[in-house]
Amino acid sequence: MDALALILAYFLGSVPFGYLIVRLSSGSDIRETGSGGTGATNVSRKAGKAAGILTLALDALKGFTAVLVARWLTGTDGTSWIVAAAAFLAIFGHCFPVWLGFRAGKGVATGLGVFLAIVPWSVLAASIVFALLVWRTRYVSLASITAAVFVPLWTLIQHTANSPIEDFGPIMFALCASSALIVWRHSENIKRLMAGTENKFGVAR
């Protein structure tokens with residue numbers, strides 16, 4: 001069941017909702033638009049806000065579901081090492097889906113779903129940070145990167161300063177590995193942010 005949990009996590013994460021939504025609505029390939037990603041921000045630029053919101057919800061749902069399925073298959077209510085690996089693989093599957101030649105999104109929404117299933121209190125704190133950064137800077141990429149890094153940091157703070165967290169080891173593995181993948185997938189955004197050429201949300205170039 002452990003191997004099945006890992007395999008299903010990857011394939012759940014690999015469902016390219018953003019690609020499918022744009023393909024069905026306009027017949028075009030979202031990877032040929034804007035940043036080339038299949039995530040909610042790029043979809044909203046191509047197909048409108050409703051399509052972007054739907055993509056965000058579905059991508060988050062598949063990450064959340066991957067964790068729940070892994071728990072069910074392994075018979076655990078918490079976050080074992082297998083569940084932690086499945087959580088990472090769901091995000092990995094979103095970023096590198098076999099159906100699209102291993103080229104798709106950056107893992108933010110799927111990471112949101114995964115993090116919600118594992119550390120919902122940290123997601124709440126990170127969501128506030130995300131919203132404030134988008135409001136102040138209009139850079140969704142900067143807010144996404146910061147929020148992804150904030151989740152494991154806030155979890156660590158809660159564990160050390162508040163009360164010990166059960167399954168802390170596998171939880172931190174899932175959070176740190178997932179956050180590192182999300183940040184790495186934003187490498188080009190980071191370069192554009194440093195050069196001052198990154199697109200701002202709601203501002204056309």
# chains A, B, ... in the order shown; residues from 1 in each chain; ligands from 1
$ residues_around --residues "range 177-191 of chain A" --least-positions-apart "3" --cutoff "6 Å" --atoms "only C-alpha atoms" --output "list in words"
Phe88, Lys106, Gly107, Ile145, Ala148, Val149, Phe173, Ala174 and Met194 of chain A
$ write_last_selection --atoms "C-alpha atoms" --output "mmCIF file, in the first residue's frame"
data_model
loop_
_atom_site.group_PDB
_atom_site.id
_atom_site.type_symbol
_atom_site.label_atom_id
_atom_site.label_comp_id
_atom_site.auth_asym_id
_atom_site.auth_seq_id
_atom_site.Cartn_x
_atom_site.Cartn_y
_atom_site.Cartn_z
ATOM 1 C CA PHE A 88 5.895 16.056 -2.015
ATOM 2 C CA LYS A 106 5.123 25.820 -10.377
ATOM 3 C CA GLY A 107 3.340 23.975 -7.610
ATOM 4 C CA ILE A 145 7.790 32.347 -2.914
ATOM 5 C CA ALA A 148 6.101 28.877 0.534
ATOM 6 C CA VAL A 149 9.170 29.613 2.670
ATOM 7 C CA PHE A 173 10.531 16.995 5.426
ATOM 8 C CA ALA A 174 7.311 17.436 3.445
ATOM 9 C CA MET A 194 15.877 41.182 -9.436
#
$ closest_atom_pairs --of "range 57-154 of chain A" --to "range 3-18 of chain A" --cutoff "6 Å" --atoms "only C-alpha atoms" --output "JSON lines"
{"residue": "A:Lys62", "atom": "CA", "partner": "A:Gly13", "partner_atom": "CA", "distance": 5.9}
{"residue": "A:Ala66", "atom": "CA", "partner": "A:Ala9", "partner_atom": "CA", "distance": 4.9}
{"residue": "A:Ala70", "atom": "CA", "partner": "A:Ala5", "partner_atom": "CA", "distance": 4.8}
{"residue": "A:Ala86", "atom": "CA", "partner": "A:Leu6", "partner_atom": "CA", "distance": 4.9}
{"residue": "A:Leu89", "atom": "CA", "partner": "A:Tyr10", "partner_atom": "CA", "distance": 4.9}
{"residue": "A:Ala90", "atom": "CA", "partner": "A:Gly13", "partner_atom": "CA", "distance": 4.1}
{"residue": "A:Ile91", "atom": "CA", "partner": "A:Gly13", "partner_atom": "CA", "distance": 5.9}
{"residue": "A:Gly93", "atom": "CA", "partner": "A:Ser14", "partner_atom": "CA", "distance": 4.2}
{"residue": "A:His94", "atom": "CA", "partner": "A:Ser14", "partner_atom": "CA", "distance": 4.5}
{"residue": "A:Pro97", "atom": "CA", "partner": "A:Ser14", "partner_atom": "CA", "distance": 4.5}
$ write_last_selection --atoms "N, CA and C atoms" --output "PDB file, in the first residue's frame"
ATOM      1  N   LYS A  62      -6.417  18.700  -5.536  1.00  0.00           N
ATOM      2  CA  LYS A  62      -5.673  17.468  -5.835  1.00  0.00           C
ATOM      3  C   LYS A  62      -4.519  17.275  -4.847  1.00  0.00           C
ATOM      4  N   ALA A  66      -4.455  14.094  -2.338  1.00  0.00           N
ATOM      5  CA  ALA A  66      -3.306  13.178  -2.366  1.00  0.00           C
ATOM      6  C   ALA A  66      -2.863  12.818  -0.953  1.00  0.00           C
ATOM      7  N   ALA A  70      -3.234   9.076   0.750  1.00  0.00           N
ATOM      8  CA  ALA A  70      -2.045   8.431   1.311  1.00  0.00           C
ATOM      9  C   ALA A  70      -2.290   8.006   2.756  1.00  0.00           C
ATOM     10  N   ALA A  86       4.393  11.288  -0.139  1.00  0.00           N
ATOM     11  CA  ALA A  86       3.258  11.426  -1.053  1.00  0.00           C
ATOM     12  C   ALA A  86       2.895  12.896  -1.239  1.00  0.00           C
ATOM     13  N   LEU A  89       5.343  14.319  -3.626  1.00  0.00           N
ATOM     14  CA  LEU A  89       5.147  13.784  -4.977  1.00  0.00           C
ATOM     15  C   LEU A  89       3.929  14.387  -5.668  1.00  0.00           C
ATOM     16  N   ALA A  90       2.919  14.776  -4.900  1.00  0.00           N
ATOM     17  CA  ALA A  90       1.761  15.434  -5.508  1.00  0.00           C
ATOM     18  C   ALA A  90       2.176  16.752  -6.140  1.00  0.00           C
ATOM     19  N   ILE A  91       3.005  17.515  -5.438  1.00  0.00           N
ATOM     20  CA  ILE A  91       3.495  18.790  -5.978  1.00  0.00           C
ATOM     21  C   ILE A  91       4.446  18.535  -7.130  1.00  0.00           C
ATOM     22  N   GLY A  93       4.377  16.021  -9.122  1.00  0.00           N
ATOM     23  CA  GLY A  93       3.558  15.614 -10.256  1.00  0.00           C
ATOM     24  C   GLY A  93       2.931  16.797 -10.969  1.00  0.00           C
ATOM     25  N   HIS A  94       2.523  17.803 -10.193  1.00  0.00           N
ATOM     26  CA  HIS A  94       1.973  19.011 -10.808  1.00  0.00           C
ATOM     27  C   HIS A  94       3.028  19.734 -11.637  1.00  0.00           C
ATOM     28  N   PRO A  97       4.305  16.783 -14.966  1.00  0.00           N
ATOM     29  CA  PRO A  97       3.326  15.748 -15.316  1.00  0.00           C
ATOM     30  C   PRO A  97       3.741  14.962 -16.564  1.00  0.00           C
TER      31      PRO A  97
END
$ residues_around --residues "range 26-32 of chain A" --least-positions-apart "2" --cutoff "9 Å" --atoms "only C-alpha atoms" --output "ChimeraX atom specification"
/A:18-24,34-38,42-43,46-47,103-105
$ write_last_selection --atoms "N, CA and C atoms" --output "mmCIF file, in the first residue's frame"
data_model
loop_
_atom_site.group_PDB
_atom_site.id
_atom_site.type_symbol
_atom_site.label_atom_id
_atom_site.label_comp_id
_atom_site.auth_asym_id
_atom_site.auth_seq_id
_atom_site.Cartn_x
_atom_site.Cartn_y
_atom_site.Cartn_z
ATOM 1 N N GLY A 18 -5.239 23.293 -15.225
ATOM 2 C CA GLY A 18 -5.112 24.567 -15.926
ATOM 3 C C GLY A 18 -5.005 24.385 -17.421
ATOM 4 N N TYR A 19 -4.204 23.427 -17.843
ATOM 5 C CA TYR A 19 -4.054 23.116 -19.265
ATOM 6 C C TYR A 19 -5.392 22.687 -19.859
ATOM 7 N N LEU A 20 -6.093 21.795 -19.161
ATOM 8 C CA LEU A 20 -7.365 21.279 -19.675
ATOM 9 C C LEU A 20 -8.428 22.367 -19.759
ATOM 10 N N ILE A 21 -8.492 23.233 -18.755
ATOM 11 C CA ILE A 21 -9.495 24.298 -18.747
ATOM 12 C C ILE A 21 -9.301 25.243 -19.925
ATOM 13 N N VAL A 22 -8.064 25.645 -20.174
ATOM 14 C CA VAL A 22 -7.789 26.555 -21.295
ATOM 15 C C VAL A 22 -7.983 25.847 -22.627
ATOM 16 N N ARG A 23 -7.558 24.595 -22.720
ATOM 17 C CA ARG A 23 -7.716 23.843 -23.960
ATOM 18 C C ARG A 23 -9.197 23.676 -24.302
ATOM 19 N N LEU A 24 -10.021 23.371 -23.303
ATOM 20 C CA LEU A 24 -11.449 23.161 -23.544
ATOM 21 C C LEU A 24 -12.190 24.465 -23.828
ATOM 22 N N GLY A 34 2.092 33.786 -21.777
ATOM 23 C CA GLY A 34 2.675 34.392 -20.574
ATOM 24 C C GLY A 34 3.898 33.679 -20.069
ATOM 25 N N SER A 35 3.832 33.223 -18.805
ATOM 26 C CA SER A 35 4.967 32.564 -18.179
ATOM 27 C C SER A 35 5.166 31.138 -18.676
ATOM 28 N N GLY A 36 4.168 30.599 -19.371
ATOM 29 C CA GLY A 36 4.259 29.224 -19.852
ATOM 30 C C GLY A 36 3.792 28.199 -18.838
ATOM 31 N N GLY A 37 3.405 28.648 -17.651
ATOM 32 C CA GLY A 37 2.935 27.738 -16.618
ATOM 33 C C GLY A 37 1.471 27.399 -16.772
ATOM 34 N N THR A 38 1.052 26.341 -16.091
ATOM 35 C CA THR A 38 -0.345 25.908 -16.155
ATOM 36 C C THR A 38 -1.118 26.302 -14.899
ATOM 37 N N ASN A 42 -1.411 32.302 -14.558
ATOM 38 C CA ASN A 42 -1.274 32.314 -16.018
ATOM 39 C C ASN A 42 -2.605 32.014 -16.695
ATOM 40 N N VAL A 43 -3.388 31.105 -16.119
ATOM 41 C CA VAL A 43 -4.703 30.780 -16.678
ATOM 42 C C VAL A 43 -5.616 32.005 -16.632
ATOM 43 N N LYS A 46 -4.974 34.320 -19.430
ATOM 44 C CA LYS A 46 -5.376 33.818 -20.733
ATOM 45 C C LYS A 46 -6.883 33.642 -20.868
ATOM 46 N N ALA A 47 -7.520 33.097 -19.820
ATOM 47 C CA ALA A 47 -8.933 32.703 -19.934
ATOM 48 C C ALA A 47 -9.861 33.440 -18.982
ATOM 49 N N ARG A 103 6.369 19.127 -18.224
ATOM 50 C CA ARG A 103 6.473 20.585 -18.222
ATOM 51 C C ARG A 103 5.111 21.184 -17.923
ATOM 52 N N ALA A 104 4.979 21.800 -16.749
ATOM 53 C CA ALA A 104 3.673 22.376 -16.396
ATOM 54 C C ALA A 104 3.835 23.544 -15.441
ATOM 55 N N GLY A 105 3.218 23.440 -14.254
ATOM 56 C CA GLY A 105 3.144 24.584 -13.356
ATOM 57 C C GLY A 105 4.277 24.671 -12.347
#
$ residues_around --residues "range 120-122 of chain A" --least-positions-apart "3" --cutoff "8 Å" --atoms "only C-alpha atoms" --output "tab-separated table (two decimals) with C-alpha atoms, in the first residue's frame"
chain	number	residue	atom	x	y	z
A	115	PHE	CA	-0.01	22.29	3.32
A	116	LEU	CA	-3.68	22.65	4.28
A	117	ALA	CA	-3.91	18.91	4.83
A	125	ALA	CA	-0.52	32.64	8.76
A	126	ALA	CA	1.13	32.29	5.34
A	151	VAL	CA	5.07	27.77	6.02
A	152	PRO	CA	7.96	25.58	7.26
A	154	TRP	CA	6.20	29.19	11.01
A	155	THR	CA	5.72	25.48	11.69
$ residues_around --residues "Val129 in chain A" --least-positions-apart "5" --cutoff "10 Å" --atoms "only C-alpha atoms" --output "PyMOL selection string"
chain A and resi 123-124+134-135+143-144+146-147+150
$ write_last_selection --atoms "C-alpha atoms" --output "tab-separated table (two decimals), in the first residue's frame"
chain	number	residue	atom	x	y	z
A	123	VAL	CA	-1.31	28.06	5.97
A	124	LEU	CA	-3.56	30.61	7.66
A	134	VAL	CA	0.25	40.98	-3.30
A	135	TRP	CA	-1.55	44.08	-2.02
A	143	ALA	CA	4.16	36.54	-2.56
A	144	SER	CA	4.08	32.86	-3.56
A	146	THR	CA	7.61	34.12	0.43
A	147	ALA	CA	4.53	32.20	1.56
A	150	PHE	CA	7.05	30.99	5.51
$ residues_around --residues "Val114 in chain A" --least-positions-apart "2" --cutoff "6 Å" --atoms "only C-alpha atoms" --output "PyMOL selection string"
chain A and resi 63-64+87+111-112+116-117
